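Raw start29.pdb, PDB, C-alpha atoms:
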ATOM      1  CA  MET S   1     193.861  29.785 -42.181
ATOM      2  CA  SER S   2     197.181  31.632 -42.381
ATOM      3  CA  THR S   3     199.890  30.864 -44.927
ATOM      4  CA  LEU S   4     202.081  29.451 -42.166
ATOM      5  CA  GLU S   5     199.298  27.096 -41.092
ATOM      6  CA  LEU S   6     198.767  25.967 -44.673
ATOM      7  CA  LEU S   7     202.481  25.355 -45.120
ATOM      8  CA  ALA S   8     202.993  23.413 -41.893
ATOM      9  CA  PRO S   9     201.836  19.985 -43.210
ATOM     10  CA  ILE S  10     203.537  20.608 -46.555
ATOM     11  CA  ASN S  11     206.882  21.427 -44.959
ATOM     12  CA  ALA S  12     206.527  18.462 -42.615
ATOM     13  CA  PHE S  13     205.948  16.195 -45.613
ATOM     14  CA  LEU S  14     208.880  17.465 -47.675
ATOM     15  CA  GLN S  15     212.394  16.507 -46.571
ATOM     16  CA  CYS S  16     214.067  19.764 -47.584
ATOM     17  CA  GLU S  17     213.393  23.362 -48.540
ATOM     18  CA  THR S  18     213.878  24.671 -52.041
ATOM     19  CA  PRO S  19     217.530  25.827 -52.266
ATOM     20  CA  GLN S  20     218.046  29.584 -52.130
ATOM     21  CA  ALA S  21     220.085  29.300 -55.333
ATOM     22  CA  TRP S  22     216.924  28.223 -57.191
ATOM     23  CA  ILE S  23     214.971  31.146 -55.741
ATOM     24  CA  ASP S  24     217.728  33.574 -56.731
ATOM     25  CA  GLU S  25     217.509  32.260 -60.297
ATOM     26  CA  ALA S  26     213.706  32.243 -60.356
ATOM     27  CA  ILE S  27     213.371  35.924 -59.427
ATOM     28  CA  ARG S  28     215.775  37.230 -62.047
ATOM     29  CA  PRO S  29     213.715  39.500 -64.360
ATOM     30  CA  GLU S  30     215.053  37.763 -67.464
ATOM     31  CA  ASN S  31     213.637  34.456 -66.189
ATOM     32  CA  LEU S  32     210.086  35.691 -65.626
ATOM     33  CA  SER S  33     208.831  34.497 -69.006
ATOM     34  CA  VAL S  34     210.328  31.023 -68.487
ATOM     35  CA  LEU S  35     208.850  30.880 -64.976
ATOM     36  CA  LEU S  36     205.357  31.716 -66.231
ATOM     37  CA  VAL S  37     205.445  29.469 -69.292
ATOM     38  CA  ASP S  38     206.777  26.504 -67.355
ATOM     39  CA  HIS S  39     204.316  27.136 -64.543
ATOM     40  CA  ALA S  40     201.492  26.999 -67.092
ATOM     41  CA  ASN S  41     202.962  23.766 -68.439
ATOM     42  CA  CYS S  42     202.997  22.313 -64.911
ATOM     43  CA  GLU S  43     199.335  23.158 -64.357
ATOM     44  CA  LEU S  44     198.388  21.414 -67.605
ATOM     45  CA  LYS S  45     200.612  18.420 -66.821
ATOM     46  CA  ALA S  46     198.942  18.061 -63.426
ATOM     47  CA  ALA S  47     195.541  17.941 -65.114
ATOM     48  CA  GLN S  48     196.804  15.444 -67.692
ATOM     49  CA  THR S  49     198.261  13.181 -64.996
ATOM     50  CA  ALA S  50     194.970  13.107 -63.121
ATOM     51  CA  MET S  51     193.115  12.388 -66.349
ATOM     52  CA  LEU S  52     195.433   9.489 -67.213
ATOM     53  CA  LEU S  53     194.890   7.955 -63.783
ATOM     54  CA  LEU S  54     191.139   8.110 -64.281
ATOM     55  CA  ARG S  55     191.285   6.629 -67.772
ATOM     56  CA  ARG S  56     193.706   3.882 -66.758
ATOM     57  CA  TYR S  57     192.046   2.772 -63.548
ATOM     58  CA  ALA S  58     188.662   4.254 -62.792
ATOM     59  CA  VAL S  59     186.307   5.005 -65.697
ATOM     60  CA  ASP S  60     184.666   3.239 -68.609
ATOM     61  CA  LYS S  61     185.594   3.875 -72.253
ATOM     62  CA  GLU S  62     182.917   6.494 -72.915
ATOM     63  CA  SER S  63     183.900   8.417 -69.792
ATOM     64  CA  GLY S  64     187.549   8.238 -70.853
ATOM     65  CA  GLU S  65     186.649   9.804 -74.174
ATOM     66  CA  ALA S  66     184.810  12.593 -72.362
ATOM     67  CA  LEU S  67     187.952  13.297 -70.353
ATOM     68  CA  LEU S  68     190.041  13.466 -73.517
ATOM     69  CA  ALA S  69     187.544  15.895 -75.054
ATOM     70  CA  TRP S  70     187.664  18.073 -71.920
ATOM     71  CA  LEU S  71     191.420  18.573 -72.156
ATOM     72  CA  LYS S  72     191.709  18.679 -75.936
ATOM     73  CA  PRO S  73     191.235  22.481 -76.384
ATOM     74  CA  PHE S  74     193.965  23.142 -73.824
ATOM     75  CA  GLU S  75     196.335  20.633 -75.440
ATOM     76  CA  ASP S  76     195.527  21.976 -78.913
ATOM     77  CA  PHE S  77     196.498  25.465 -77.800
ATOM     78  CA  VAL S  78     199.764  24.443 -76.127
ATOM     79  CA  TYR S  79     201.049  21.706 -78.445
ATOM     80  CA  ARG S  80     199.441  22.518 -81.796
ATOM     81  CA  LYS S  81     199.000  26.314 -81.566
ATOM     82  CA  ILE S  82     195.278  25.982 -82.242
ATOM     83  CA  GLY S  83     192.828  28.420 -80.652
ATOM     84  CA  THR S  84     192.958  31.829 -79.015
ATOM     85  CA  GLY S  85     193.490  30.765 -75.424
ATOM     86  CA  ASP S  86     189.878  31.384 -74.464
ATOM     87  CA  PHE S  87     188.698  28.275 -72.622
ATOM     88  CA  SER S  88     185.523  29.726 -71.119
ATOM     89  CA  GLN S  89     183.421  27.093 -72.899
ATOM     90  CA  HIS S  90     185.551  24.252 -71.526
ATOM     91  CA  VAL S  91     185.518  24.919 -67.793
ATOM     92  CA  ASN S  92     183.457  21.889 -66.832
ATOM     93  CA  LEU S  93     183.343  18.243 -67.810
ATOM     94  CA  SER S  94     180.585  17.564 -70.339
ATOM     95  CA  LYS S  95     179.192  14.398 -68.763
ATOM     96  CA  LYS S  96     179.013  12.405 -65.560
ATOM     97  CA  LEU S  97     181.792   9.829 -65.362
ATOM     98  CA  ILE S  98     180.910   6.179 -64.907
ATOM     99  CA  SER S  99     183.116   4.141 -62.582
ATOM    100  CA  ARG S 100     184.329   0.696 -63.574
ATOM    101  CA  SER S 101     182.702  -1.999 -61.485
ATOM    102  CA  ASN S 102     185.995  -3.884 -61.015
ATOM    103  CA  PHE S 103     187.784  -1.023 -59.215
ATOM    104  CA  GLU S 104     186.489  -0.563 -55.670
ATOM    105  CA  HIS S 105     188.024   2.874 -55.197
ATOM    106  CA  GLY S 106     186.775   4.240 -58.511
ATOM    107  CA  ASP S 107     184.190   6.670 -57.154
ATOM    108  CA  GLU S 108     186.665   8.216 -54.717
ATOM    109  CA  LEU S 109     189.373   8.507 -57.376
ATOM    110  CA  ILE S 110     186.878  10.121 -59.748
ATOM    111  CA  SER S 111     185.649  12.585 -57.132
ATOM    112  CA  LYS S 112     189.109  13.788 -56.123
ATOM    113  CA  MET S 113     190.712  13.771 -59.578
ATOM    114  CA  VAL S 114     187.869  15.555 -61.391
ATOM    115  CA  LEU S 115     188.009  18.387 -58.855
ATOM    116  CA  LEU S 116     191.789  18.505 -59.200
ATOM    117  CA  ILE S 117     191.585  18.635 -63.007
ATOM    118  CA  LYS S 118     189.060  21.466 -62.861
ATOM    119  CA  GLU S 119     191.269  23.468 -60.504
ATOM    120  CA  GLU S 120     194.459  22.861 -62.475
ATOM    121  CA  LEU S 121     192.811  23.906 -65.741
ATOM    122  CA  HIS S 122     191.481  27.047 -64.067
ATOM    123  CA  HIS S 123     194.964  27.862 -62.800
ATOM    124  CA  PHE S 124     196.392  27.196 -66.260
ATOM    125  CA  GLN S 125     193.935  29.767 -67.633
ATOM    126  CA  GLN S 126     194.950  32.253 -64.931
ATOM    127  CA  VAL S 127     198.657  31.889 -65.700
ATOM    128  CA  LEU S 128     197.941  32.262 -69.406
ATOM    129  CA  GLU S 129     195.975  35.468 -68.806
ATOM    130  CA  ILE S 130     198.881  36.901 -66.806
ATOM    131  CA  MET S 131     201.255  35.943 -69.613
ATOM    132  CA  GLN S 132     199.053  37.585 -72.225
ATOM    133  CA  SER S 133     198.689  40.765 -70.168
ATOM    134  CA  ARG S 134     202.482  40.991 -69.967
ATOM    135  CA  GLY S 135     203.185  40.116 -73.577
ATOM    136  CA  VAL S 136     204.788  36.763 -72.740
ATOM    137  CA  GLU S 137     204.592  34.364 -75.677
ATOM    138  CA  TYR S 138     203.718  30.720 -75.078
ATOM    139  CA  GLU S 139     206.871  28.984 -76.287
ATOM    140  CA  ASN S 140     207.826  25.330 -76.259
ATOM    141  CA  LEU S 141     210.098  24.444 -73.347
ATOM    142  CA  THR S 142     211.830  21.201 -72.530
ATOM    143  CA  ALA S 143     210.459  19.653 -69.360
ATOM    144  CA  ALA S 144     212.435  19.613 -66.131
ATOM    145  CA  ARG S 145     213.794  16.220 -65.091
ATOM    146  CA  TYR S 146     211.945  16.443 -61.775
ATOM    147  CA  ALA S 147     208.675  14.578 -62.441
ATOM    148  CA  ARG S 148     210.356  12.083 -64.759
ATOM    149  CA  GLY S 149     213.066  11.601 -62.157
ATOM    150  CA  LEU S 150     210.475  10.643 -59.548
ATOM    151  CA  MET S 151     208.414   8.441 -61.813
ATOM    152  CA  LYS S 152     211.355   6.265 -62.832
ATOM    153  CA  TYR S 153     211.252   4.738 -59.334
ATOM    154  CA  VAL S 154     207.596   3.724 -59.619
ATOM    155  CA  ARG S 155     207.141  -0.033 -59.538
ATOM    156  CA  THR S 156     205.857  -1.520 -62.766
ATOM    157  CA  HIS S 157     203.023  -3.810 -61.620
ATOM    158  CA  ASP S 158     199.676  -2.981 -60.079
ATOM    159  CA  PRO S 159     198.335  -2.306 -57.537
ATOM    160  CA  VAL S 160     201.699  -1.035 -56.245
ATOM    161  CA  LYS S 161     202.263   0.940 -59.453
ATOM    162  CA  LEU S 162     199.167   3.010 -58.749
ATOM    163  CA  THR S 163     200.175   3.494 -55.110
ATOM    164  CA  ASP S 164     203.641   4.726 -56.094
ATOM    165  CA  THR S 165     202.214   7.011 -58.780
ATOM    166  CA  LEU S 166     199.877   8.613 -56.269
ATOM    167  CA  ILE S 167     202.754   9.137 -53.815
ATOM    168  CA  CYS S 168     204.761  10.829 -56.580
ATOM    169  CA  GLY S 169     201.750  13.030 -57.279
ATOM    170  CA  ALA S 170     201.695  14.024 -53.618
ATOM    171  CA  TYR S 171     205.340  15.115 -53.735
ATOM    172  CA  ILE S 172     204.910  17.080 -56.954
ATOM    173  CA  GLU S 173     201.893  18.931 -55.563
ATOM    174  CA  ALA S 174     203.556  19.606 -52.209
ATOM    175  CA  ARG S 175     206.732  20.936 -53.841
ATOM    176  CA  SER S 176     204.679  23.199 -56.090
ATOM    177  CA  CYS S 177     202.936  24.721 -53.082
ATOM    178  CA  GLU S 178     206.223  25.151 -51.245
ATOM    179  CA  ARG S 179     207.628  27.028 -54.231
ATOM    180  CA  PHE S 180     204.541  29.244 -54.532
ATOM    181  CA  ALA S 181     205.216  30.330 -50.958
ATOM    182  CA  LYS S 182     208.967  30.749 -51.497
ATOM    183  CA  LEU S 183     208.486  32.898 -54.590
ATOM    184  CA  ALA S 184     205.614  35.108 -53.500
ATOM    185  CA  PRO S 185     207.563  37.580 -51.297
ATOM    186  CA  TYR S 186     209.968  38.381 -54.138
ATOM    187  CA  LEU S 187     207.361  39.038 -56.834
ATOM    188  CA  ASP S 188     205.395  42.124 -57.857
ATOM    189  CA  GLU S 189     202.013  42.721 -56.234
ATOM    190  CA  GLU S 190     199.950  40.937 -58.894
ATOM    191  CA  LEU S 191     202.098  37.820 -58.916
ATOM    192  CA  ASN S 192     202.485  37.845 -55.141
ATOM    193  CA  LYS S 193     198.714  37.732 -54.652
ATOM    194  CA  PHE S 194     198.351  35.133 -57.370
ATOM    195  CA  TYR S 195     200.934  32.730 -55.938
ATOM    196  CA  VAL S 196     199.512  33.055 -52.427
ATOM    197  CA  SER S 197     196.050  32.310 -53.820
ATOM    198  CA  LEU S 198     197.401  29.212 -55.577
ATOM    199  CA  LEU S 199     198.955  27.999 -52.350
ATOM    200  CA  ARG S 200     195.605  28.352 -50.611
ATOM    201  CA  SER S 201     193.629  26.542 -53.308
ATOM    202  CA  GLU S 202     196.123  23.730 -53.964
ATOM    203  CA  ALA S 203     197.385  23.025 -50.446
ATOM    204  CA  ARG S 204     195.099  20.019 -49.993
ATOM    205  CA  HIS S 205     196.098  18.320 -53.277
ATOM    206  CA  PHE S 206     199.067  16.471 -51.842
ATOM    207  CA  GLU S 207     196.907  15.146 -49.008
ATOM    208  CA  ASP S 208     194.287  13.938 -51.498
ATOM    209  CA  TYR S 209     196.971  11.988 -53.347
ATOM    210  CA  LEU S 210     198.367  10.537 -50.123
ATOM    211  CA  SER S 211     194.986   9.484 -48.752
ATOM    212  CA  LEU S 212     194.148   7.764 -52.034
ATOM    213  CA  ALA S 213     197.505   5.986 -52.035
ATOM    214  CA  GLN S 214     196.891   4.599 -48.554
ATOM    215  CA  ARG S 215     193.300   3.538 -49.255
ATOM    216  CA  ILE S 216     194.301   1.720 -52.427
ATOM    217  CA  SER S 217     197.412   0.071 -50.971
ATOM    218  CA  LYS S 218     197.147  -3.306 -49.269
ATOM    219  CA  GLU S 219     200.007  -2.308 -46.969
ATOM    220  CA  ASN S 220     201.013   0.724 -44.945
ATOM    221  CA  ILE S 221     202.626   3.241 -47.311
ATOM    222  CA  THR S 222     204.964   4.880 -44.772
ATOM    223  CA  GLU S 223     208.039   3.086 -46.116
ATOM    224  CA  ARG S 224     207.266   4.031 -49.728
ATOM    225  CA  VAL S 225     206.583   7.643 -48.738
ATOM    226  CA  SER S 226     210.001   7.782 -47.052
ATOM    227  CA  TYR S 227     211.620   6.158 -50.080
ATOM    228  CA  PHE S 228     210.233   8.774 -52.455
ATOM    229  CA  ALA S 229     211.027  11.542 -49.961
ATOM    230  CA  GLU S 230     214.727  10.809 -50.396
ATOM    231  CA  LYS S 231     214.436  10.637 -54.179
ATOM    232  CA  GLU S 232     212.541  13.943 -54.252
ATOM    233  CA  LYS S 233     215.084  15.616 -51.981
ATOM    234  CA  ALA S 234     217.952  14.510 -54.215
ATOM    235  CA  LEU S 235     216.231  15.913 -57.311
ATOM    236  CA  VAL S 236     215.530  19.261 -55.646
ATOM    237  CA  GLN S 237     219.038  19.678 -54.307
ATOM    238  CA  SER S 238     221.021  18.502 -57.337
ATOM    239  CA  SER S 239     221.840  20.849 -60.181
ATOM    240  CA  ASP S 240     220.150  21.293 -63.541
ATOM    241  CA  GLN S 241     221.333  22.758 -66.808
ATOM    242  CA  PHE S 242     218.182  24.834 -67.360
ATOM    243  CA  PHE S 243     215.922  26.832 -65.073
ATOM    244  CA  ARG S 244     212.400  25.443 -64.737
ATOM    245  CA  PHE S 245     209.641  25.667 -62.145
ATOM    246  CA  HIS S 246     210.647  22.273 -60.734
ATOM    247  CA  SER S 247     214.360  22.350 -61.504
ATOM    248  CA  GLY S 248     217.169  22.209 -59.021
ATOM    249  CA  PRO S 249     219.716  25.040 -58.787
ATOM    250  CA  LEU S 250     221.625  25.661 -61.972
ATOM    251  CA  ALA S 251     224.962  23.952 -62.454
ATOM    252  CA  ALA S 252     227.820  26.299 -61.561
ATOM    253  CA  GLU S 253     229.205  26.505 -65.053
ATOM    254  CA  VAL S 254     225.789  27.401 -66.471
ATOM    255  CA  ALA S 255     224.882  29.811 -63.690
ATOM    256  CA  SER S 256     228.111  31.717 -64.133
TER     257      SER S 256
END

Encoding of this model in structure tokens:
Amino acid sequence: MSTLELLAPINAFLQCETPQAWIDEAIRPENLSVLLVDHANCELKAAQTAMLLLRRYAVDKESGEALLAWLKPFEDFVYRKIGTGDFSQHVNLSKKLISRSNFEHGDELISKMVLLIKEELHHFQQVLEIMQSRGVEYENLTAARYARGLMKYVRTHDPVKLTDTLICGAYIEARSCERFAKLAPYLDEELNKFYVSLLRSEARHFEDYLSLAQRISKENITERVSYFAEKEKALVQSSDQFFRFHSGPLAAEVAS
């Protein structure tokens, strides 16, 4: 499948393109280290979000502990500066997860989220290897307001809380893929190939989130999808003080 074919459902889902001003900022050589570090952060955050959904809704206590243990070496490296960045012994989950009997969609959530976690952790490792090969240090960065800005509109009671959270996940994944495609033509050969490969491997993630949201919801989710579409569009088009992978264009006074 061509890149254009992969992008077609993503672009149809999103209500706007990434502003050119963000792309112009992203491809500045002095921003490459921030782009890579924040991209790595996003891959880890995506894995953490999927893990939290599983622990909160789908798996028993022992399985939840196994999920925590799976991500711990990655979190130790990023947040506590523990380890060398070699995660070859932590590629796979150590045990089979057990679904809670009181959640009818548990097996499906487990199946989709475990695969997503595995892919996101693999991509995190790939970004880290590129950083290390280029001498980019893993520094602490403040998070963009994007994901937090979406999640503040999530309703606070279940099952609609879970439905909204999954819809937000769909938008975050779709926007990531759209930005992989936007960036790739401007990057050097190694990064161009890498971002195109990420688009290919992650293009289905937003659809997985959406299909789960609809299966779990008691009502048609079209209205909620449209609601979050407008919120996502506003976040992407409004300005930010700092450049991040999911930021909007920089405010004029900062950009200048």

Problem set entry | Residue with smallest distance to Leu36 of chain S - pool S:Ile117, S:Val160, S:Val136, S:Leu250, counting all atoms listed in the file | S:Val136

Seminar exercise, completed: Judged by all atoms listed in the file, the minimum distance to Phe87 of chain S among S:Leu71, S:Leu4, S:Cys168, S:Ala21 is found for S:Leu71

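Minimum atom-to-atom distance to Asp240 of chain S, evaluated using only C-alpha atoms, belongs to S:Glu25 out of S:Glu139, S:Glu17, S:Glu25, S:Glu5.
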
Exercise. Of the candidates S:Tyr186, S:Tyr57, S:Tyr171, S:Tyr146, which one gets nearest to Arg204 of chain S if we count all atoms listed in the file?
Worked result: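 The shortest atom-to-atom distance to Arg204 of chain S comes from S:Tyr171.
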
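Proximity to Gln48 of chain S was assessed for S:Ala234, S:Leu67, S:Pro159, S:Glu202 counting all atoms listed in the file; the smallest distance is recorded for S:Leu67.
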
Kindly write all heavy atoms of segment 34-45 of chain S from the structure just given to a file, as a JSON list (two decimals), in the first residue's frame.
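Output file out_22.json follows:
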[["chain", "number", "residue", "atom", "x", "y", "z"],
["S", 34, "VAL", "N", 15.53, 18.25, 19.95],
["S", 34, "VAL", "CA", 14.24, 18.34, 20.63],
["S", 34, "VAL", "C", 13.22, 17.44, 19.94],
["S", 34, "VAL", "O", 12.44, 16.73, 20.59],
["S", 34, "VAL", "CB", 13.73, 19.79, 20.68],
["S", 34, "VAL", "CG1", 12.32, 19.85, 21.27],
["S", 34, "VAL", "CG2", 14.68, 20.66, 21.50],
["S", 35, "LEU", "N", 13.22, 17.45, 18.60],
["S", 35, "LEU", "CA", 12.29, 16.61, 17.85],
["S", 35, "LEU", "C", 12.48, 15.14, 18.22],
["S", 35, "LEU", "O", 11.51, 14.43, 18.49],
["S", 35, "LEU", "CB", 12.52, 16.81, 16.34],
["S", 35, "LEU", "CG", 11.68, 15.92, 15.42],
["S", 35, "LEU", "CD1", 10.20, 16.28, 15.50],
["S", 35, "LEU", "CD2", 12.19, 16.01, 13.98],
["S", 36, "LEU", "N", 13.72, 14.68, 18.23],
["S", 36, "LEU", "CA", 13.99, 13.27, 18.51],
["S", 36, "LEU", "C", 13.68, 12.90, 19.96],
["S", 36, "LEU", "O", 13.06, 11.86, 20.22],
["S", 36, "LEU", "CB", 15.44, 12.93, 18.17],
["S", 36, "LEU", "CG", 15.81, 12.96, 16.69],
["S", 36, "LEU", "CD1", 17.31, 12.78, 16.49],
["S", 36, "LEU", "CD2", 15.03, 11.90, 15.91],
["S", 37, "VAL", "N", 14.10, 13.74, 20.89],
["S", 37, "VAL", "CA", 13.83, 13.44, 22.30],
["S", 37, "VAL", "C", 12.34, 13.42, 22.57],
["S", 37, "VAL", "O", 11.81, 12.50, 23.22],
["S", 37, "VAL", "CB", 14.53, 14.46, 23.23],
["S", 37, "VAL", "CG1", 14.09, 14.26, 24.68],
["S", 37, "VAL", "CG2", 16.05, 14.32, 23.13],
["S", 38, "ASP", "N", 11.62, 14.42, 22.06],
["S", 38, "ASP", "CA", 10.18, 14.46, 22.33],
["S", 38, "ASP", "C", 9.45, 13.35, 21.59],
["S", 38, "ASP", "O", 8.45, 12.83, 22.08],
["S", 38, "ASP", "CB", 9.61, 15.82, 21.95],
["S", 38, "ASP", "CG", 8.29, 16.09, 22.66],
["S", 38, "ASP", "OD1", 8.23, 15.90, 23.89],
["S", 38, "ASP", "OD2", 7.32, 16.47, 21.99],
["S", 39, "HIS", "N", 9.93, 12.99, 20.42],
["S", 39, "HIS", "CA", 9.35, 11.85, 19.71],
["S", 39, "HIS", "C", 9.52, 10.58, 20.55],
["S", 39, "HIS", "O", 8.57, 9.81, 20.71],
["S", 39, "HIS", "CB", 10.03, 11.69, 18.35],
["S", 39, "HIS", "CG", 9.52, 10.52, 17.57],
["S", 39, "HIS", "ND1", 10.06, 10.13, 16.38],
["S", 39, "HIS", "CD2", 8.52, 9.62, 17.83],
["S", 39, "HIS", "CE1", 9.42, 9.07, 15.91],
["S", 39, "HIS", "NE2", 8.49, 8.74, 16.79],
["S", 40, "ALA", "N", 10.70, 10.37, 21.10],
["S", 40, "ALA", "CA", 10.91, 9.21, 21.97],
["S", 40, "ALA", "C", 9.95, 9.25, 23.16],
["S", 40, "ALA", "O", 9.35, 8.23, 23.53],
["S", 40, "ALA", "CB", 12.36, 9.17, 22.46],
["S", 41, "ASN", "N", 9.80, 10.43, 23.75],
["S", 41, "ASN", "CA", 8.86, 10.58, 24.86],
["S", 41, "ASN", "C", 7.44, 10.19, 24.44],
["S", 41, "ASN", "O", 6.72, 9.53, 25.20],
["S", 41, "ASN", "CB", 8.85, 12.03, 25.36],
["S", 41, "ASN", "CG", 10.09, 12.41, 26.12],
["S", 41, "ASN", "OD1", 10.83, 11.55, 26.60],
["S", 41, "ASN", "ND2", 10.36, 13.70, 26.23],
["S", 42, "CYS", "N", 7.04, 10.59, 23.24],
["S", 42, "CYS", "CA", 5.69, 10.29, 22.75],
["S", 42, "CYS", "C", 5.49, 8.78, 22.58],
["S", 42, "CYS", "O", 4.41, 8.26, 22.87],
["S", 42, "CYS", "CB", 5.43, 11.01, 21.44],
["S", 42, "CYS", "SG", 5.26, 12.80, 21.59],
["S", 43, "GLU", "N", 6.52, 8.09, 22.09],
["S", 43, "GLU", "CA", 6.40, 6.65, 21.92],
["S", 43, "GLU", "C", 6.23, 5.97, 23.28],
["S", 43, "GLU", "O", 5.38, 5.07, 23.44],
["S", 43, "GLU", "CB", 7.64, 6.09, 21.21],
["S", 43, "GLU", "CG", 7.89, 6.63, 19.82],
["S", 43, "GLU", "CD", 6.89, 6.13, 18.78],
["S", 43, "GLU", "OE1", 6.04, 5.28, 19.12],
["S", 43, "GLU", "OE2", 6.95, 6.59, 17.63],
["S", 44, "LEU", "N", 6.98, 6.41, 24.28],
["S", 44, "LEU", "CA", 6.85, 5.83, 25.61],
["S", 44, "LEU", "C", 5.49, 6.18, 26.21],
["S", 44, "LEU", "O", 4.84, 5.33, 26.83],
["S", 44, "LEU", "CB", 7.98, 6.32, 26.51],
["S", 44, "LEU", "CG", 7.99, 5.76, 27.94],
["S", 44, "LEU", "CD1", 8.06, 4.23, 27.94],
["S", 44, "LEU", "CD2", 9.15, 6.34, 28.75],
["S", 45, "LYS", "N", 5.05, 7.41, 26.04],
["S", 45, "LYS", "CA", 3.75, 7.82, 26.58],
["S", 45, "LYS", "C", 2.62, 7.00, 25.97],
["S", 45, "LYS", "O", 1.65, 6.64, 26.65],
["S", 45, "LYS", "CB", 3.51, 9.31, 26.32],
["S", 45, "LYS", "CG", 4.38, 10.25, 27.12],
["S", 45, "LYS", "CD", 3.99, 10.28, 28.58],
["S", 45, "LYS", "CE", 4.77, 11.34, 29.34],
["S", 45, "LYS", "NZ", 4.48, 11.30, 30.80]]
